[in-house]
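A.B. asks: Coordinates in work.cif, mmCIF, C-alpha atoms, are listed below.
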```cif
data_protein
#
loop_
_atom_site.label_atom_id
_atom_site.label_comp_id
_atom_site.auth_asym_id
_atom_site.auth_seq_id
_atom_site.Cartn_x
_atom_site.Cartn_y
_atom_site.Cartn_z
CA MET A 237 185.51 270.77 188.98
CA GLY A 238 186.84 267.21 188.75
CA ARG A 239 188.00 265.74 185.49
CA HIS A 240 187.65 262.09 184.52
CA LYS A 241 190.51 260.13 183.03
CA ARG A 242 190.32 259.20 179.35
CA ARG A 243 192.35 256.94 177.14
CA PRO A 244 194.33 258.80 174.49
CA ARG A 245 192.36 259.13 171.28
CA LYS A 246 193.21 259.91 167.71
CA PRO A 247 192.38 263.50 166.70
CA GLY A 248 188.95 263.63 165.12
CA GLY A 249 190.21 265.24 161.94
CA SER A 250 191.88 262.05 160.71
CA ARG A 251 190.82 260.83 157.28
CA SER A 252 192.02 257.28 157.80
CA ARG A 253 189.39 254.64 157.09
CA PRO A 254 189.12 250.94 157.90
CA ARG A 255 188.50 248.14 155.43
CA PRO A 256 184.94 248.46 154.18
CA LEU A 257 182.32 245.98 155.22
CA ALA A 258 179.89 243.62 153.59
CA THR A 259 176.80 241.76 154.65
CA SER A 260 173.92 239.73 153.34
CA LEU A 261 170.59 238.43 154.44
CA LEU A 262 168.60 235.24 154.69
CA GLN A 263 165.11 235.59 153.27
CA PRO A 264 162.10 235.14 155.58
CA GLY A 265 161.35 231.46 155.97
CA ASP A 266 164.83 230.33 155.01
CA PRO A 267 166.39 227.84 157.44
CA ALA A 268 169.02 229.35 159.69
CA PRO A 269 172.53 228.20 158.93
CA GLY A 270 173.96 225.57 161.20
CA PRO A 271 177.42 225.76 162.76
CA SER A 272 179.92 226.92 160.16
CA PRO A 273 182.29 224.27 158.77
CA ALA A 274 185.73 224.34 160.32
CA GLY A 275 188.03 226.60 158.38
CA GLU A 276 185.30 228.44 156.50
CA PRO A 277 186.10 232.20 156.39
CA ILE A 278 183.61 234.19 158.44
CA GLY A 279 182.94 237.89 158.29
CA VAL A 280 181.77 239.81 161.36
CA VAL A 281 180.03 243.09 160.54
CA LEU A 282 179.96 245.80 163.22
CA PHE A 283 176.91 248.07 163.00
CA SER A 284 177.64 251.66 164.03
CA LEU A 285 176.15 255.10 163.45
CA GLY A 286 179.16 256.99 162.13
CA GLY A 287 180.18 260.62 162.37
CA PRO A 288 181.88 263.36 160.34
CA PRO A 289 185.66 262.86 160.30
CA ASP A 290 186.34 266.56 159.72
CA LEU A 291 184.52 269.88 159.76
CA LEU A 292 183.83 269.88 156.01
CA SER A 293 181.88 266.64 156.43
CA VAL A 294 179.47 267.95 159.07
CA GLU A 295 176.71 269.14 156.75
CA PRO A 296 176.77 266.04 154.48
CA PHE A 297 176.58 263.89 157.62
CA LEU A 298 173.61 265.86 158.96
CA ARG A 299 171.84 265.59 155.60
CA ARG A 300 172.20 261.81 155.68
CA LEU A 301 170.98 261.61 159.26
CA PHE A 302 167.91 263.81 158.80
CA SER A 303 167.04 262.19 155.45
CA ASP A 304 166.33 258.88 157.20
CA ARG A 305 162.55 259.02 157.40
CA GLU A 306 162.40 255.79 159.34
CA ILE A 307 163.98 257.68 162.23
CA ILE A 308 162.87 261.29 161.80
CA GLU A 309 159.57 262.03 160.07
CA LEU A 310 159.91 265.64 158.93
CA PRO A 311 156.83 267.62 157.77
CA LEU A 312 155.10 267.38 154.37
CA GLY A 313 155.94 263.78 153.57
CA ALA A 314 158.73 261.68 152.14
CA VAL A 315 159.07 263.62 148.89
CA LEU A 316 160.12 266.81 150.66
CA GLN A 317 162.16 265.13 153.41
CA PRO A 318 165.50 265.56 151.53
CA LEU A 319 164.77 269.28 151.16
CA PHE A 320 164.03 269.64 154.87
CA ALA A 321 167.14 267.60 155.69
CA TRP A 322 169.22 269.95 153.53
CA LEU A 323 167.69 272.98 155.26
CA ILE A 324 168.27 271.58 158.75
CA ALA A 325 171.86 270.73 157.87
CA LYS A 326 172.42 274.29 156.64
CA LEU A 327 170.85 275.84 159.73
CA ARG A 328 172.52 273.56 162.27
CA GLY A 329 175.81 273.13 160.43
CA PRO A 330 177.65 276.14 161.93
CA SER A 331 176.83 275.26 165.55
CA VAL A 332 177.57 271.56 165.07
CA ARG A 333 180.90 272.41 163.40
CA ARG A 334 181.81 274.55 166.42
CA ASN A 335 181.07 271.61 168.70
CA TYR A 336 183.25 269.24 166.67
CA ALA A 337 186.00 271.86 166.57
CA LEU A 338 186.07 271.76 170.36
CA ILE A 339 186.79 268.01 170.40
CA GLY A 340 189.58 267.96 167.83
CA GLY A 341 187.93 268.88 164.53
CA GLY A 342 185.77 265.82 163.86
CA SER A 343 184.29 262.62 165.21
CA SER A 344 186.60 260.06 166.82
CA GLN A 345 184.04 257.30 166.42
CA LEU A 346 185.64 255.77 163.35
CA TYR A 347 189.03 255.59 165.07
CA TRP A 348 187.58 253.83 168.10
CA THR A 349 185.45 251.49 165.99
CA GLN A 350 188.54 250.55 163.99
CA GLU A 351 190.37 249.81 167.24
CA GLN A 352 187.47 247.69 168.47
CA ALA A 353 187.37 245.82 165.15
CA ARG A 354 191.11 245.08 165.32
CA ALA A 355 190.90 243.93 168.93
CA LEU A 356 187.86 241.75 168.24
CA GLU A 357 189.47 240.19 165.17
CA ALA A 358 192.57 239.33 167.19
CA GLN A 359 190.46 237.82 169.96
CA LEU A 360 188.42 235.72 167.53
CA ASN A 361 191.55 234.50 165.71
CA ARG A 362 193.47 233.54 168.83
CA LYS A 363 193.19 229.83 167.88
CA ALA A 364 193.07 229.99 164.09
CA GLU A 365 193.05 232.71 161.43
CA ARG A 366 189.44 232.47 160.31
CA PHE A 367 187.61 235.71 161.01
CA ARG A 368 187.60 239.14 159.38
CA VAL A 369 185.86 242.02 161.14
CA HIS A 370 184.30 244.82 159.07
CA ILE A 371 182.60 248.10 159.90
CA ALA A 372 179.25 249.35 158.57
CA MET A 373 178.41 252.92 159.53
CA ARG A 374 174.83 253.94 158.95
CA TYR A 375 175.36 257.60 158.07
CA TRP A 376 179.00 257.81 157.06
CA HIS A 377 181.90 255.84 155.62
CA PRO A 378 182.51 252.94 155.45
CA SER A 379 178.91 252.37 154.39
CA THR A 380 177.13 249.08 154.04
CA HIS A 381 177.19 249.40 150.25
CA ALA A 382 180.93 250.05 150.19
CA ALA A 383 181.52 247.06 152.43
CA LEU A 384 179.72 244.48 150.33
CA ALA A 385 182.47 244.40 147.74
CA ALA A 386 185.14 243.81 150.39
CA ALA A 387 183.43 240.79 151.95
CA ALA A 388 182.78 239.27 148.56
CA ALA A 389 186.36 239.87 147.44
CA GLU A 390 187.67 238.20 150.60
CA GLY A 391 185.62 235.08 149.89
CA GLN A 392 183.31 235.27 152.88
CA ARG A 393 179.93 233.67 152.42
CA ARG A 394 179.00 233.33 156.11
CA LEU A 395 178.45 236.67 157.83
CA VAL A 396 177.36 237.66 161.32
CA THR A 397 176.23 241.19 162.05
CA LEU A 398 177.17 242.42 165.52
CA THR A 399 175.64 245.66 166.68
CA LEU A 400 177.62 248.17 168.70
CA TYR A 401 174.34 249.37 170.22
CA PRO A 402 174.00 247.01 173.23
CA GLN A 403 170.32 247.89 173.72
CA TYR A 404 168.11 247.26 170.69
CA SER A 405 166.08 249.99 169.02
CA GLN A 406 164.43 250.27 165.66
CA ALA A 407 166.14 253.67 165.39
CA THR A 408 169.66 252.26 165.66
CA THR A 409 170.27 248.56 165.05
CA GLY A 410 166.93 248.33 163.27
CA SER A 411 167.86 251.11 160.87
CA SER A 412 171.25 249.56 160.12
CA ARG A 413 169.65 246.20 159.43
CA ARG A 414 167.04 247.70 157.09
CA GLU A 415 169.83 249.46 155.20
CA LEU A 416 171.57 246.12 154.87
CA GLU A 417 168.43 244.49 153.52
CA ARG A 418 168.02 247.24 150.93
CA ALA A 419 171.64 246.94 149.86
CA LEU A 420 171.25 243.20 149.33
CA GLY A 421 168.04 243.47 147.38
CA GLY A 422 169.76 243.65 144.00
CA ARG A 423 172.71 242.37 142.06
CA PRO A 424 175.48 241.41 142.47
CA TYR A 425 174.90 240.42 146.11
CA ARG A 426 171.51 238.75 145.99
CA ASP A 427 171.90 235.18 147.29
CA ARG A 428 175.63 235.80 147.74
CA PHE A 429 175.81 235.51 151.55
CA GLU A 430 174.30 233.69 154.50
CA VAL A 431 173.74 236.17 157.31
CA THR A 432 172.51 235.96 160.88
CA HIS A 433 172.36 238.73 163.45
CA ILE A 434 173.40 239.57 167.00
CA ASP A 435 171.13 242.54 167.54
CA ARG A 436 171.39 243.16 171.30
CA TYR A 437 173.15 242.10 174.49
CA PRO A 438 171.85 244.32 177.33
CA SER A 439 172.33 241.66 180.01
CA ASP A 440 175.41 239.84 178.72
CA PRO A 441 177.50 239.07 181.84
CA LEU A 442 180.87 240.11 180.40
CA TYR A 443 179.45 243.32 178.92
CA LEU A 444 177.92 244.19 182.29
CA GLU A 445 181.19 243.41 184.08
CA ALA A 446 183.11 245.69 181.70
CA LEU A 447 180.65 248.52 182.36
CA ALA A 448 180.79 247.92 186.12
CA ASP A 449 184.58 248.10 185.96
CA THR A 450 184.46 251.55 184.34
CA VAL A 451 182.18 252.70 187.18
CA ARG A 452 184.54 251.32 189.85
CA ARG A 453 187.47 253.11 188.24
CA GLY A 454 185.44 256.29 187.89
CA LEU A 455 184.57 256.22 191.58
CA GLU A 456 188.26 255.86 192.48
CA ASP A 457 188.77 259.46 191.31
CA PHE A 458 186.58 260.73 194.15
CA PRO A 459 187.99 261.18 197.68
CA LEU A 460 187.46 257.99 199.65
CA ASP A 461 185.44 259.70 202.39
CA ARG A 462 182.91 261.03 199.84
CA ARG A 463 182.49 258.08 197.49
CA ASP A 464 179.29 256.79 199.09
CA ARG A 465 177.70 260.21 198.46
CA VAL A 466 178.38 260.17 194.72
CA VAL A 467 175.21 259.97 192.62
CA LEU A 468 175.59 257.49 189.77
CA LEU A 469 173.91 259.15 186.79
CA PHE A 470 173.41 256.70 183.93
CA SER A 471 173.08 258.71 180.72
CA ALA A 472 171.64 256.97 177.64
CA HIS A 473 171.00 258.27 174.15
CA GLY A 474 167.53 259.73 173.75
CA LEU A 475 164.78 258.23 171.60
CA PRO A 476 161.61 259.78 170.17
CA GLN A 477 158.64 258.81 172.32
CA ARG A 478 156.77 257.40 169.32
CA PHE A 479 159.19 254.47 169.14
CA VAL A 480 158.41 253.46 172.72
CA ASP A 481 154.70 253.91 172.08
CA ARG A 482 155.03 251.40 169.23
CA GLY A 483 156.70 248.82 171.45
CA ASP A 484 160.40 249.59 170.97
CA PRO A 485 162.33 247.75 173.74
CA TYR A 486 165.16 250.30 174.08
CA VAL A 487 164.10 251.85 177.40
CA ALA A 488 163.33 248.47 178.99
CA GLU A 489 166.68 247.05 177.84
CA THR A 490 168.53 250.14 179.08
CA GLU A 491 166.93 249.59 182.49
CA GLU A 492 167.98 245.95 182.27
CA THR A 493 171.59 247.01 181.72
CA ARG A 494 171.45 249.50 184.57
CA ARG A 495 170.12 246.86 186.98
CA GLY A 496 172.82 244.44 185.89
CA VAL A 497 175.59 246.96 186.50
CA LEU A 498 174.19 247.94 189.89
CA ASP A 499 173.91 244.29 190.94
CA ARG A 500 177.60 243.81 190.17
CA LEU A 501 178.64 246.96 192.00
CA GLY A 502 176.67 246.25 195.17
CA LEU A 503 177.02 249.87 196.28
CA PRO A 504 174.68 251.97 198.45
CA ASN A 505 174.97 255.01 196.18
CA ARG A 506 171.93 256.76 194.81
CA HIS A 507 171.47 256.13 191.08
CA GLU A 508 169.42 257.77 188.33
CA LEU A 509 168.76 257.20 184.64
CA ALA A 510 168.36 260.04 182.15
CA PHE A 511 168.56 260.58 178.39
CA GLN A 512 170.68 262.92 176.29
CA SER A 513 171.10 264.04 172.66
CA ARG A 514 167.43 264.90 172.34
CA THR A 515 167.25 267.12 169.27
CA GLY A 516 164.65 267.73 166.60
CA PRO A 517 160.97 268.78 166.57
CA VAL A 518 159.58 265.60 168.19
CA ARG A 519 158.62 264.43 171.68
CA TRP A 520 161.48 262.56 173.37
CA ILE A 521 161.67 260.11 176.24
CA GLY A 522 162.86 261.62 179.49
CA PRO A 523 164.00 262.90 181.82
CA GLY A 524 166.79 264.70 180.02
CA THR A 525 170.30 264.41 181.46
CA ASP A 526 170.49 268.20 181.65
CA GLU A 527 167.17 268.30 183.52
CA MET A 528 168.39 265.61 185.92
CA LEU A 529 171.54 267.61 186.68
CA ASP A 530 169.38 270.65 187.50
CA ARG A 531 167.27 268.50 189.82
CA LEU A 532 170.28 267.00 191.58
CA GLY A 533 171.89 270.37 192.06
CA GLY A 534 168.64 271.76 193.43
CA GLU A 535 168.58 268.95 195.98
CA GLY A 536 172.05 269.88 197.20
CA VAL A 537 173.95 267.05 195.53
CA ASN A 538 177.65 267.91 195.18
CA GLU A 539 179.14 264.76 193.62
CA VAL A 540 177.97 263.16 190.36
CA LEU A 541 179.54 260.41 188.24
CA VAL A 542 178.03 260.21 184.75
CA ILE A 543 177.98 256.72 183.21
CA PRO A 544 177.49 256.71 179.41
CA ILE A 545 175.43 253.54 179.48
CA SER A 546 174.50 253.25 175.79
CA PHE A 547 177.78 254.48 174.28
CA VAL A 548 180.61 252.00 173.65
CA SER A 549 183.13 254.52 172.28
CA GLU A 550 184.12 258.14 172.64
CA HIS A 551 182.43 260.58 170.27
CA ILE A 552 180.60 263.89 170.36
CA GLU A 553 177.96 262.71 172.85
CA THR A 554 180.64 261.92 175.44
CA LEU A 555 183.45 264.33 174.58
CA TYR A 556 181.32 267.43 174.00
CA GLU A 557 177.84 266.88 175.37
CA ILE A 558 178.76 265.16 178.64
CA ASP A 559 182.27 266.54 179.19
CA MET A 560 181.61 270.15 178.22
CA LEU A 561 177.93 271.04 177.88
CA PHE A 562 176.67 269.03 180.85
CA ALA A 563 179.74 269.86 182.93
CA GLU A 564 178.86 273.54 182.63
CA ARG A 565 175.22 272.75 183.41
CA ALA A 566 176.27 270.82 186.51
CA HIS A 567 178.52 273.67 187.67
CA ARG A 568 175.67 276.18 187.31
CA ALA A 569 173.39 273.83 189.26
CA GLY A 570 175.86 273.81 192.17
CA ILE A 571 177.39 270.36 191.60
CA THR A 572 181.01 270.90 192.60
CA ASP A 573 182.53 267.52 191.73
CA TYR A 574 181.30 266.29 188.34
CA ARG A 575 183.05 263.42 186.57
CA ARG A 576 182.44 260.84 183.86
CA CYS A 577 183.34 257.20 183.36
CA GLU A 578 185.28 256.57 180.18
CA ALA A 579 183.45 254.75 177.39
CA LEU A 580 184.20 251.06 176.95
CA GLY A 581 186.37 251.41 173.85
CA THR A 582 188.77 248.47 173.76
CA HIS A 583 188.27 247.44 177.38
CA PRO A 584 189.54 243.82 177.39
CA THR A 585 186.42 242.44 179.05
CA PHE A 586 184.18 244.20 176.54
CA ILE A 587 186.17 242.80 173.62
CA GLU A 588 185.97 239.36 175.20
CA ALA A 589 182.21 239.84 175.54
CA LEU A 590 181.88 240.62 171.84
CA ALA A 591 184.03 237.63 170.86
CA ARG A 592 182.04 235.22 173.01
CA LEU A 593 178.78 236.57 171.61
CA VAL A 594 180.02 235.74 168.12
CA GLU A 595 181.34 232.31 169.10
CA ARG A 596 178.16 231.27 170.88
CA HIS A 597 176.06 232.60 168.02
CA LEU A 598 177.94 230.51 165.49
CA GLU A 599 177.37 227.41 167.61
CA ASP A 600 173.64 228.13 167.76
CA PRO A 601 172.55 230.92 165.38
CA ALA A 602 168.90 230.52 166.32
#
```
The structure given in the file should be rewritten as structure tokens.
C.D. replies:
Amino acid sequence: MGRHKRRPRKPGGSRSRPRPLATSLLQPGDPAPGPSPAGEPIGVVLFSLGGPPDLLSVEPFLRRLFSDREIIELPLGAVLQPLFAWLIAKLRGPSVRRNYALIGGGSSQLYWTQEQARALEAQLNRKAERFRVHIAMRYWHPSTHAALAAAAAEGQRRLVTLTLYPQYSQATTGSSRRELERALGGRPYRDRFEVTHIDRYPSDPLYLEALADTVRRGLEDFPLDRRDRVVLLFSAHGLPQRFVDRGDPYVAETEETRRGVLDRLGLPNRHELAFQSRTGPVRWIGPGTDEMLDRLGGEGVNEVLVIPISFVSEHIETLYEIDMLFAERAHRAGITDYRRCEALGTHPTFIEALARLVERHLEDPA
């Protein structure tokens, strides 16, 4: 079975942490800030989910994740949600720890987000030292609360949040933004900052070009005479169906990204979209990536290239779920050549895309 090429990554067990992040919020009805005065220090806050850096952190991470009632409504109401979250973390902890052990002993997401923050800061400061880039992880460290002190200490009043979820959902960027609003609801940060948001970029041209480039390089691993037979399987993170039923744009924006990538590739290859990481006692959007692999294998497909369309860095969903769990599923389904595109990470065009998003936003924050 074919293996994709990956950039070297830091072992997941590292305890190193980036500078913490801070943010603030304009109140509804407040006028949006105009272009920032030249020389004013500006903080850029990267929204990310987070992950356990080591095996001991797995259960605390799961408790935080399943305690978020805005994302997962567990039975018997909000009062008992923490108890159910504790129980789920206890029950799932051993299996999740085994999965993290297989990819180096912890999540590599913090390492890659740190690398993206450093690269973005360098790109933004190529003309003048003005920007500082911070990280806000929703369910792990550095948290939004921990970051507020850093931004204030560095003298930044103007902040721009920049999501690392290219396609908007209330469950991802929306949750991070609500956490930010809660953190800024009290002292000492009330009225401390002016904040605007970049909450999506599913059709940004440079982002799409970076993704298309990972697909081109992924296809180069297949024998030339078989490349036009490779099925391009776009795999996005799953979402509970209730979000879509309430008007969440995530699926539509994921389709928008897929169309943009395919337009840039201009290839005749068959392509499919499926969703992974569907866990918990709720109804999820589909089809599942595992189900799609079964279908493709049943149709006699031998070559599949998985494209992690909603993931901008390597973590458990790519390194374990796609590379190990789905690889075995594909093999059992009869798919003989199964490969994956690497995540964007610090791809130069992706970093340029993020920098230009920030620069254009500061020129016209509306």
A.B. asks: Using Å and a single decimal, report how far atom CA of A:Leu475 sits from atom CA of A:Arg514.
C.D. replies: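 Between atom CA of A:Arg514 and atom CA of A:Leu475 the gap is 7.2 Å.
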A.B. asks: Calculated over only C-alpha atoms, which of the candidates A:Tyr443, A:Tyr401, A:Tyr336, A:Tyr437 has the smallest distance to A:His597?
C.D. replies: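 Closest residue, counting only C-alpha atoms: A:Tyr437.
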A.B. asks: Identify all residues satisfying the PyMOL selection byres ((chain A and resi 365-370) around 9) in the given file; provide them as a VMD selection string.
C.D. replies: chain A and resid 254 to 258 274 to 283 350 353 to 354 356 to 358 360 to 364 371 to 372 383 386 to 387 390 392
A.B. asks: List the residues sitting within 12 Å of (173.9, 272.6, 161.1) in the file's frame, using all atoms listed in the file, as a VMD selection string.
C.D. replies: chain A and resid 291 to 299 301 to 302 321 to 336 515 to 516
A.B. asks: Show me the residues close to (179.8, 250.2, 190.0) - anything with an atom within 7 Å, counting all atoms listed in the file - and format the list as a compact mmCIF listing (two decimals) with C-alpha atoms, in the frame of the given file.
C.D. replies:
```txt
# COMPACT_ATOMS: atom_id res chain seq x y z
CA ALA A 448 180.79 247.92 186.12
CA ASP A 449 184.58 248.10 185.96
CA VAL A 451 182.18 252.70 187.18
CA ARG A 452 184.54 251.32 189.85
CA VAL A 497 175.59 246.96 186.50
CA LEU A 498 174.19 247.94 189.89
CA ARG A 500 177.60 243.81 190.17
CA LEU A 501 178.64 246.96 192.00
CA LEU A 503 177.02 249.87 196.28
```
A.B. asks: Enumerate, in order of chain and increasing residue number, the residues of stretch 293-405 of chain A with an atom no farther than 9 Å from stretch 544-548 of chain A, each with its shortest atom pair and distance in Å to one decimal, counting all atoms listed in the file, as CSV.
C.D. replies:
```
residue,atom,partner,partner_atom,distance
A:Leu400,CA,A:Val548,CA,6.9
A:Tyr401,CA,A:Ser546,CA,6.8
A:Pro402,CA,A:Ser546,CA,6.8
A:Gln403,CA,A:Ser546,CA,7.1
```
A.B. asks: Of the residues A:Arg565, A:His473, A:Arg482, A:Arg305, which is the one nearest to A:Ala510, using all atoms listed in the file?
C.D. replies: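 Closest to A:Ala510, using all atoms listed in the file: A:His473.
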A.B. asks: Within 9 Å of A:Val537, counting all atoms listed in the file, which residues show up once you throw out same-chain ones fewer than 6 positions away? Write them as a ChimeraX atom specification, please.
C.D. replies: /A:465-467,531,570-572
A.B. asks: Between A:Glu415, A:Glu599, A:Asp461, A:Asp573, which is the closest to A:Glu306 once you count all atoms listed in the file?
C.D. replies: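 Of all the options, A:Glu415 lies closest to A:Glu306.
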A.B. asks: Might you spell out which residues the PyMOL selection byres ((chain A and resi 432) around 6) would select in the displayed file, as a ChimeraX atom specification?
C.D. replies: /A:396,431,433
A.B. asks: So what do you get for atom CA of A:Leu580 versus atom CA of A:Ala488, distance-wise?
C.D. replies: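 Spanning atom CA of A:Leu580 to atom CA of A:Ala488 is a straight-line distance of 21.1 Å.
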A.B. asks: Separation of atom CA of A:Tyr375 and atom CA of A:Glu430, in Å?
C.D. replies: 24.2 Å
A.B. asks: Tell me which protein, DNA and RNA residues are within 12 Å of A:Gly534, counting all atoms listed in the file, leaving out same-chain ones fewer than 6 positions away, and put them as a PDB file with C-alpha atoms, keeping the file's coordinate frame.
C.D. replies:
```pdb
ATOM      1  CA  GLU A 527     167.170 268.300 183.520  1.00  0.00           C
ATOM      2  CA  MET A 528     168.390 265.610 185.920  1.00  0.00           C
ATOM      3  CA  ALA A 566     176.270 270.820 186.510  1.00  0.00           C
ATOM      4  CA  HIS A 567     178.520 273.670 187.670  1.00  0.00           C
ATOM      5  CA  ARG A 568     175.670 276.180 187.310  1.00  0.00           C
ATOM      6  CA  ALA A 569     173.390 273.830 189.260  1.00  0.00           C
ATOM      7  CA  GLY A 570     175.860 273.810 192.170  1.00  0.00           C
ATOM      8  CA  ILE A 571     177.390 270.360 191.600  1.00  0.00           C
TER       9      ILE A 571
END
```
A.B. asks: With distances taken over only C-alpha atoms, which residue among A:Leu455, A:Ala579, A:Met560, A:Val518 lies nearest A:Gln345?
C.D. replies: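 Distance minimum relative to A:Gln345 lands on A:Ala579.
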A.B. asks: Generate the coordinates of N, CA and C atoms for stretch 354-368 of chain A; report them as a JSON list (two decimals), in the coordinates of the input.
C.D. replies:
```
[["chain", "number", "residue", "atom", "x", "y", "z"],
["A", 354, "ARG", "N", 189.80, 245.76, 165.28],
["A", 354, "ARG", "CA", 191.11, 245.08, 165.32],
["A", 354, "ARG", "C", 191.22, 244.18, 166.55],
["A", 355, "ALA", "N", 190.80, 244.71, 167.70],
["A", 355, "ALA", "CA", 190.90, 243.93, 168.93],
["A", 355, "ALA", "C", 189.99, 242.70, 168.87],
["A", 356, "LEU", "N", 188.79, 242.87, 168.33],
["A", 356, "LEU", "CA", 187.86, 241.75, 168.24],
["A", 356, "LEU", "C", 188.39, 240.71, 167.27],
["A", 357, "GLU", "N", 188.93, 241.14, 166.14],
["A", 357, "GLU", "CA", 189.47, 240.19, 165.17],
["A", 357, "GLU", "C", 190.61, 239.38, 165.78],
["A", 358, "ALA", "N", 191.47, 240.05, 166.53],
["A", 358, "ALA", "CA", 192.57, 239.33, 167.19],
["A", 358, "ALA", "C", 192.05, 238.33, 168.21],
["A", 359, "GLN", "N", 191.03, 238.71, 168.95],
["A", 359, "GLN", "CA", 190.46, 237.82, 169.96],
["A", 359, "GLN", "C", 189.80, 236.61, 169.30],
["A", 360, "LEU", "N", 189.08, 236.82, 168.22],
["A", 360, "LEU", "CA", 188.42, 235.72, 167.53],
["A", 360, "LEU", "C", 189.41, 234.77, 166.87],
["A", 361, "ASN", "N", 190.55, 235.31, 166.44],
["A", 361, "ASN", "CA", 191.55, 234.50, 165.71],
["A", 361, "ASN", "C", 192.66, 233.98, 166.61],
["A", 362, "ARG", "N", 192.41, 233.95, 167.92],
["A", 362, "ARG", "CA", 193.47, 233.54, 168.83],
["A", 362, "ARG", "C", 193.83, 232.05, 168.66],
["A", 363, "LYS", "N", 192.90, 231.26, 168.10],
["A", 363, "LYS", "CA", 193.19, 229.83, 167.88],
["A", 363, "LYS", "C", 193.51, 229.53, 166.44],
["A", 364, "ALA", "N", 192.84, 230.23, 165.52],
["A", 364, "ALA", "CA", 193.07, 229.99, 164.09],
["A", 364, "ALA", "C", 192.63, 231.22, 163.32],
["A", 365, "GLU", "N", 193.35, 231.54, 162.25],
["A", 365, "GLU", "CA", 193.05, 232.71, 161.43],
["A", 365, "GLU", "C", 191.84, 232.38, 160.56],
["A", 366, "ARG", "N", 190.68, 232.84, 161.00],
["A", 366, "ARG", "CA", 189.44, 232.47, 160.31],
["A", 366, "ARG", "C", 188.48, 233.64, 160.12],
["A", 367, "PHE", "N", 188.58, 234.63, 160.98],
["A", 367, "PHE", "CA", 187.61, 235.71, 161.01],
["A", 367, "PHE", "C", 188.18, 237.00, 160.41],
["A", 368, "ARG", "N", 187.31, 237.76, 159.75],
["A", 368, "ARG", "CA", 187.60, 239.14, 159.38],
["A", 368, "ARG", "C", 186.49, 240.01, 159.92]]
```
